[in-house]
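K.L.:
Contents of run_34.cif (mmCIF, C-alpha atoms) are below:
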```cif
data_coords
#
loop_
_atom_site.group_PDB
_atom_site.id
_atom_site.type_symbol
_atom_site.label_atom_id
_atom_site.label_comp_id
_atom_site.auth_asym_id
_atom_site.auth_seq_id
_atom_site.Cartn_x
_atom_site.Cartn_y
_atom_site.Cartn_z
ATOM 1 C CA MET A 792 -32.149 45.511 -67.398
ATOM 2 C CA ALA A 793 -35.946 45.215 -67.653
ATOM 3 C CA GLN A 794 -35.908 42.531 -64.948
ATOM 4 C CA THR A 795 -33.884 44.793 -62.676
ATOM 5 C CA ALA A 796 -36.290 47.685 -63.216
ATOM 6 C CA ALA A 797 -39.280 45.419 -62.594
ATOM 7 C CA ARG A 798 -37.675 44.036 -59.433
ATOM 8 C CA ARG A 799 -36.930 47.563 -58.211
ATOM 9 C CA ARG A 800 -40.538 48.570 -58.896
ATOM 10 C CA ARG A 801 -41.905 45.557 -56.978
ATOM 11 C CA THR A 802 -39.564 46.305 -54.078
ATOM 12 C CA GLU A 803 -40.699 49.922 -53.972
ATOM 13 C CA GLU A 804 -44.371 48.850 -54.195
ATOM 14 C CA ARG A 805 -43.904 46.462 -51.232
ATOM 15 C CA ARG A 806 -42.126 49.175 -49.271
ATOM 16 C CA ARG A 807 -44.946 51.613 -50.048
ATOM 17 C CA ARG A 808 -47.583 49.074 -48.949
ATOM 18 C CA ILE A 809 -45.755 48.526 -45.656
ATOM 19 C CA LEU A 810 -45.553 52.264 -44.953
ATOM 20 C CA ASP A 811 -49.170 52.863 -45.976
ATOM 21 C CA ALA A 812 -50.351 50.002 -43.767
ATOM 22 C CA ALA A 813 -48.329 51.307 -40.811
ATOM 23 C CA ARG A 814 -49.694 54.785 -41.230
ATOM 24 C CA ALA A 815 -53.283 53.543 -41.583
ATOM 25 C CA ARG A 816 -52.989 51.384 -38.462
ATOM 26 C CA ALA A 817 -51.429 54.249 -36.477
ATOM 27 C CA ASP A 818 -54.173 56.612 -37.665
ATOM 28 C CA ALA A 819 -56.832 54.147 -36.551
ATOM 29 C CA ASP A 820 -55.372 52.781 -33.325
ATOM 30 C CA GLY A 821 -52.141 54.606 -32.457
ATOM 31 C CA TRP A 822 -48.525 53.610 -32.861
ATOM 32 C CA ASP A 823 -48.705 51.029 -30.070
ATOM 33 C CA ALA A 824 -51.012 48.997 -32.316
ATOM 34 C CA VAL A 825 -48.481 48.954 -35.159
ATOM 35 C CA THR A 826 -46.569 45.683 -35.029
ATOM 36 C CA THR A 827 -44.621 43.832 -37.677
ATOM 37 C CA ARG A 828 -46.953 40.869 -37.236
ATOM 38 C CA HIS A 829 -50.026 43.028 -37.876
ATOM 39 C CA LEU A 830 -48.390 44.770 -40.836
ATOM 40 C CA ALA A 831 -47.332 41.471 -42.385
ATOM 41 C CA ASP A 832 -50.837 40.066 -41.990
ATOM 42 C CA SER A 833 -52.536 43.197 -43.310
ATOM 43 C CA ILE A 834 -50.535 43.312 -46.534
ATOM 44 C CA GLY A 835 -50.210 39.571 -47.054
ATOM 45 C CA TYR A 836 -46.453 39.208 -46.542
ATOM 46 C CA THR A 837 -44.388 37.401 -43.970
ATOM 47 C CA GLN A 838 -42.518 39.192 -41.227
ATOM 48 C CA PRO A 839 -39.162 38.317 -42.832
ATOM 49 C CA VAL A 840 -40.275 40.241 -45.943
ATOM 50 C CA LEU A 841 -40.954 43.293 -43.770
ATOM 51 C CA TYR A 842 -37.571 42.956 -42.109
ATOM 52 C CA GLY A 843 -36.010 42.625 -45.557
ATOM 53 C CA HIS A 844 -37.268 46.126 -46.325
ATOM 54 C CA PHE A 845 -36.894 47.512 -42.803
ATOM 55 C CA PRO A 846 -34.202 45.610 -40.878
ATOM 56 C CA GLY A 847 -34.839 47.827 -37.851
ATOM 57 C CA GLY A 848 -38.452 46.655 -37.700
ATOM 58 C CA LYS A 849 -41.148 48.920 -36.323
ATOM 59 C CA THR A 850 -38.692 51.646 -35.323
ATOM 60 C CA GLU A 851 -37.324 51.900 -38.838
ATOM 61 C CA ILE A 852 -40.828 51.860 -40.306
ATOM 62 C CA MET A 853 -41.913 54.709 -38.003
ATOM 63 C CA ARG A 854 -38.770 56.626 -38.971
ATOM 64 C CA ALA A 855 -39.553 56.221 -42.675
ATOM 65 C CA VAL A 856 -43.153 57.345 -42.108
ATOM 66 C CA ALA A 857 -41.919 60.346 -40.107
ATOM 67 C CA LEU A 858 -39.427 61.387 -42.792
ATOM 68 C CA GLU A 859 -42.194 61.246 -45.381
ATOM 69 C CA GLY A 860 -44.237 63.393 -43.016
ATOM 70 C CA PHE A 861 -41.557 66.080 -43.041
ATOM 71 C CA VAL A 862 -41.734 66.159 -46.823
ATOM 72 C CA GLU A 863 -45.530 66.495 -46.666
ATOM 73 C CA LEU A 864 -45.325 69.213 -44.021
ATOM 74 C CA ALA A 865 -42.761 71.184 -46.046
ATOM 75 C CA GLN A 866 -44.911 70.950 -49.166
ATOM 76 C CA THR A 867 -48.004 71.992 -47.207
ATOM 77 C CA CYS A 868 -46.259 74.981 -45.645
ATOM 78 C CA ARG A 869 -44.686 76.135 -48.904
ATOM 79 C CA ALA A 870 -48.007 75.851 -50.724
ATOM 80 C CA ALA A 871 -49.756 77.827 -47.995
ATOM 81 C CA VAL A 872 -47.181 80.604 -48.032
ATOM 82 C CA GLY A 873 -47.191 80.853 -51.817
ATOM 83 C CA GLY A 874 -46.011 84.328 -52.764
ATOM 84 C CA ASN A 875 -46.885 85.890 -49.413
ATOM 85 C CA ARG A 876 -44.254 87.718 -47.423
ATOM 86 C CA GLY A 877 -44.063 89.193 -43.958
ATOM 87 C CA ARG A 878 -47.008 88.811 -41.644
ATOM 88 C CA ARG A 879 -49.186 87.048 -44.222
ATOM 89 C CA ALA A 880 -46.459 84.440 -44.807
ATOM 90 C CA VAL A 881 -46.070 83.754 -41.093
ATOM 91 C CA GLU A 882 -49.832 83.511 -40.612
ATOM 92 C CA ALA A 883 -50.110 81.176 -43.599
ATOM 93 C CA VAL A 884 -47.314 78.889 -42.425
ATOM 94 C CA ALA A 885 -48.708 78.828 -38.875
ATOM 95 C CA VAL A 886 -52.198 77.884 -40.035
ATOM 96 C CA ALA A 887 -50.804 75.238 -42.405
ATOM 97 C CA TYR A 888 -48.612 73.791 -39.663
ATOM 98 C CA LEU A 889 -51.390 73.688 -37.073
ATOM 99 C CA ASP A 890 -53.881 72.227 -39.561
ATOM 100 C CA PHE A 891 -51.338 69.572 -40.587
ATOM 101 C CA ALA A 892 -50.751 68.591 -36.951
ATOM 102 C CA ALA A 893 -54.504 68.421 -36.284
ATOM 103 C CA SER A 894 -55.290 66.491 -39.473
ATOM 104 C CA HIS A 895 -52.494 63.936 -39.072
ATOM 105 C CA PRO A 896 -52.100 63.281 -35.338
ATOM 106 C CA ALA A 897 -50.410 59.886 -35.655
ATOM 107 C CA LEU A 898 -48.025 61.132 -38.322
ATOM 108 C CA TYR A 899 -47.266 64.240 -36.279
ATOM 109 C CA GLU A 900 -46.590 62.067 -33.250
ATOM 110 C CA ALA A 901 -44.116 59.977 -35.253
ATOM 111 C CA MET A 902 -42.425 63.114 -36.545
ATOM 112 C CA PHE A 903 -42.062 64.975 -33.266
ATOM 113 C CA GLN A 904 -42.750 62.808 -30.264
ATOM 114 C CA LEU A 905 -41.577 59.254 -30.882
ATOM 115 C CA PRO A 906 -37.882 58.348 -30.834
ATOM 116 C CA LEU A 907 -36.786 58.062 -34.445
ATOM 117 C CA ASP A 908 -33.030 58.542 -34.432
ATOM 118 C CA ALA A 909 -33.116 61.543 -36.737
ATOM 119 C CA ARG A 910 -30.451 64.217 -36.659
ATOM 120 C CA PHE A 911 -32.397 67.393 -35.901
ATOM 121 C CA ALA A 912 -30.482 70.683 -35.850
ATOM 122 C CA GLN A 913 -27.290 69.175 -37.220
ATOM 123 C CA GLU A 914 -25.357 69.817 -40.404
ATOM 124 C CA ASP A 915 -25.784 66.205 -41.484
ATOM 125 C CA ALA A 916 -29.538 66.136 -40.856
ATOM 126 C CA GLU A 917 -31.609 64.152 -43.288
ATOM 127 C CA SER A 918 -32.689 66.125 -46.351
ATOM 128 C CA GLU A 919 -36.347 65.686 -45.361
ATOM 129 C CA LEU A 920 -35.685 67.413 -42.036
ATOM 130 C CA ARG A 921 -33.660 70.192 -43.658
ATOM 131 C CA GLU A 922 -36.434 70.814 -46.180
ATOM 132 C CA GLY A 923 -39.084 71.011 -43.485
ATOM 133 C CA PHE A 924 -36.974 73.445 -41.493
ATOM 134 C CA ALA A 925 -36.191 75.495 -44.611
ATOM 135 C CA ALA A 926 -39.908 75.869 -45.374
ATOM 136 C CA LEU A 927 -40.382 77.522 -41.981
ATOM 137 C CA ALA A 928 -37.202 79.613 -42.264
ATOM 138 C CA ASP A 929 -38.223 80.878 -45.694
ATOM 139 C CA ALA A 930 -41.643 81.907 -44.404
ATOM 140 C CA ILE A 931 -40.089 84.227 -41.845
ATOM 141 C CA GLY A 932 -37.047 85.232 -43.873
ATOM 142 C CA ASP A 933 -34.587 83.726 -41.373
ATOM 143 C CA ASP A 934 -31.190 83.971 -43.004
ATOM 144 C CA GLY A 935 -29.292 83.709 -39.701
ATOM 145 C CA ASP A 936 -28.203 80.635 -37.802
ATOM 146 C CA GLY A 937 -31.759 79.222 -37.582
ATOM 147 C CA THR A 938 -32.448 80.225 -33.993
ATOM 148 C CA VAL A 939 -35.397 82.415 -34.981
ATOM 149 C CA THR A 940 -36.865 79.532 -36.971
ATOM 150 C CA GLU A 941 -36.389 77.188 -34.008
ATOM 151 C CA VAL A 942 -38.371 79.575 -31.817
ATOM 152 C CA LEU A 943 -41.193 79.756 -34.391
ATOM 153 C CA TRP A 944 -41.184 75.980 -34.739
ATOM 154 C CA ALA A 945 -41.257 75.540 -30.958
ATOM 155 C CA ALA A 946 -44.154 77.983 -30.643
ATOM 156 C CA MET A 947 -46.168 76.237 -33.360
ATOM 157 C CA HIS A 948 -45.376 72.824 -31.898
ATOM 158 C CA GLY A 949 -46.515 73.967 -28.475
ATOM 159 C CA LEU A 950 -49.694 75.436 -29.908
ATOM 160 C CA SER A 951 -50.409 72.227 -31.822
ATOM 161 C CA LEU A 952 -50.003 70.052 -28.719
ATOM 162 C CA LEU A 953 -52.108 72.364 -26.580
ATOM 163 C CA GLU A 954 -54.823 72.521 -29.251
ATOM 164 C CA ARG A 955 -54.848 68.742 -29.576
ATOM 165 C CA ALA A 956 -55.169 68.339 -25.817
ATOM 166 C CA GLY A 957 -58.056 70.827 -25.724
ATOM 167 C CA ARG A 958 -56.087 73.196 -23.489
ATOM 168 C CA LEU A 959 -56.624 76.252 -25.695
ATOM 169 C CA ARG A 960 -59.872 77.907 -26.646
ATOM 170 C CA ALA A 961 -60.622 76.803 -30.185
ATOM 171 C CA GLU A 962 -62.456 80.010 -31.016
ATOM 172 C CA HIS A 963 -59.273 82.013 -30.342
ATOM 173 C CA ARG A 964 -57.007 80.171 -32.758
ATOM 174 C CA ASP A 965 -57.065 82.934 -35.363
ATOM 175 C CA ASP A 966 -56.108 85.454 -32.680
ATOM 176 C CA ARG A 967 -53.180 83.274 -31.598
ATOM 177 C CA VAL A 968 -51.964 82.999 -35.190
ATOM 178 C CA VAL A 969 -52.183 86.765 -35.663
ATOM 179 C CA GLU A 970 -50.335 87.289 -32.377
ATOM 180 C CA LEU A 971 -47.624 84.814 -33.387
ATOM 181 C CA ALA A 972 -47.149 86.529 -36.747
ATOM 182 C CA ALA A 973 -46.957 89.918 -35.046
ATOM 183 C CA ARG A 974 -43.969 88.686 -33.023
ATOM 184 C CA TYR A 975 -42.054 87.990 -36.230
ATOM 185 C CA CYS A 976 -43.095 90.987 -38.265
ATOM 186 C CA ARG A 977 -42.507 94.161 -36.290
#
```
Here is a file; write its structure as structure tokens.

P.N.:
Amino acid sequence: MAQTAARRRRTEERRRRILDAARARADADGWDAVTTRHLADSIGYTQPVLYGHFPGGKTEIMRAVALEGFVELAQTCRAAVGGNRGRRAVEAVAVAYLDFAASHPALYEAMFQLPLDARFAQEDAESELREGFAALADAIGDDGDGTVTEVLWAAMHGLSLLERAGRLRAEHRDDRVVELAARYCR
């Protein structure tokens, strides 16, 4: 039993090192620079060890990183909203979302722009995706079919991409957040 627990712990530690190395490389040089060869070299394992943990290779590693990102984003949004309701909740979730996207560009790219074979907007979506979506839905009090939350998400995603590309005036961000919240809290 102790050997099994120790083996499980070592397996999880290796998996964690692989994901951390992938995320660090993507943060530094983009996802194109993340290769199984580089990851194996950077953590001192062979490529077969990486494939033992992630049989789908780089794609599966990016998917795992992205799913962890959804957990982080949900936690960030829920913490920002706290006990706020109405306009303050929407403003808080919008700021948290936009700050998350700006602070973690490679992670955000993996979550929303790279192909990762996740089941968005489906009943059998991964729990990480459902939790991220629920954090946004709760902030606006969406108890319908999720369409209102999808529109909020799309607006925040668009804002984040336009901010990142320098297409929006940085000094007007607060105004955009207030305007967004006003649309949801009439």

K.L.:
Check what the PyMOL selection byres ((chain A and resi 871) around 7) selects in the file above and give those residues as a list in words.

P.N.:
Thr867, Cys868, Arg869, Ala870, Val872, Gly873, Ala883, Val884 and Ala887 of chain A

K.L.:
Quick check on the file I pasted: which residues fall under the PyMOL selection byres ((chain A and resi 976) around 10)? Write them as a ChimeraX atom specification.

P.N.:
/A:876-881,931,971-975,977

K.L.:
Between CA of Val862 in chain A and CA of Glu919 in chain A, what is the distance in Å, rounded to a tenth?

P.N.:
5.6 Å

K.L.:
What lies within 10 Å of range 796-804 of chain A using only C-alpha atoms, ignoring chain neighbours under 6 positions off, as a PDB file with C-alpha atoms, in the frame of the given file?

P.N.:
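Printed below is out_23.pdb as written:
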```pdb
ATOM      1  CA  LEU A 810     -45.553  52.264 -44.953  1.00  0.00           C
ATOM      2  CA  GLY A 843     -36.010  42.625 -45.557  1.00  0.00           C
ATOM      3  CA  HIS A 844     -37.268  46.126 -46.325  1.00  0.00           C
TER       4      HIS A 844
END
```

K.L.:
Find the spatial neighbours of Leu864 in chain A, counting only C-alpha atoms, within a cut-off of 8 Å - ignore same-chain residues fewer than 4 positions away - and output them as a CSV table (one decimal) with C-alpha atoms, keeping the file's coordinate frame.

P.N.:
```
chain,number,residue,atom,x,y,z
A,860,GLY,CA,-44.2,63.4,-43.0
A,868,CYS,CA,-46.3,75.0,-45.6
A,888,TYR,CA,-48.6,73.8,-39.7
A,891,PHE,CA,-51.3,69.6,-40.6
A,923,GLY,CA,-39.1,71.0,-43.5
```

K.L.:
I need the output of the PyMOL selection byres ((chain A and resi 924) around 9) for this file as a list in words; which residues are they?

P.N.:
Phe861, Ala865, Glu919, Leu920, Arg921, Glu922, Gly923, Ala925, Ala926, Leu927, Ala928, Asp929, Gly937, Thr940, Glu941 and Trp944 of chain A

K.L.:
As an exercise, work out the distance from CA of Ser833 in chain A to CA of Ala813 in chain A in Å and give it to one decimal place.

P.N.:
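Taking CA of Ser833 in chain A and CA of Ala813 in chain A, their separation equals 9.5 Å.
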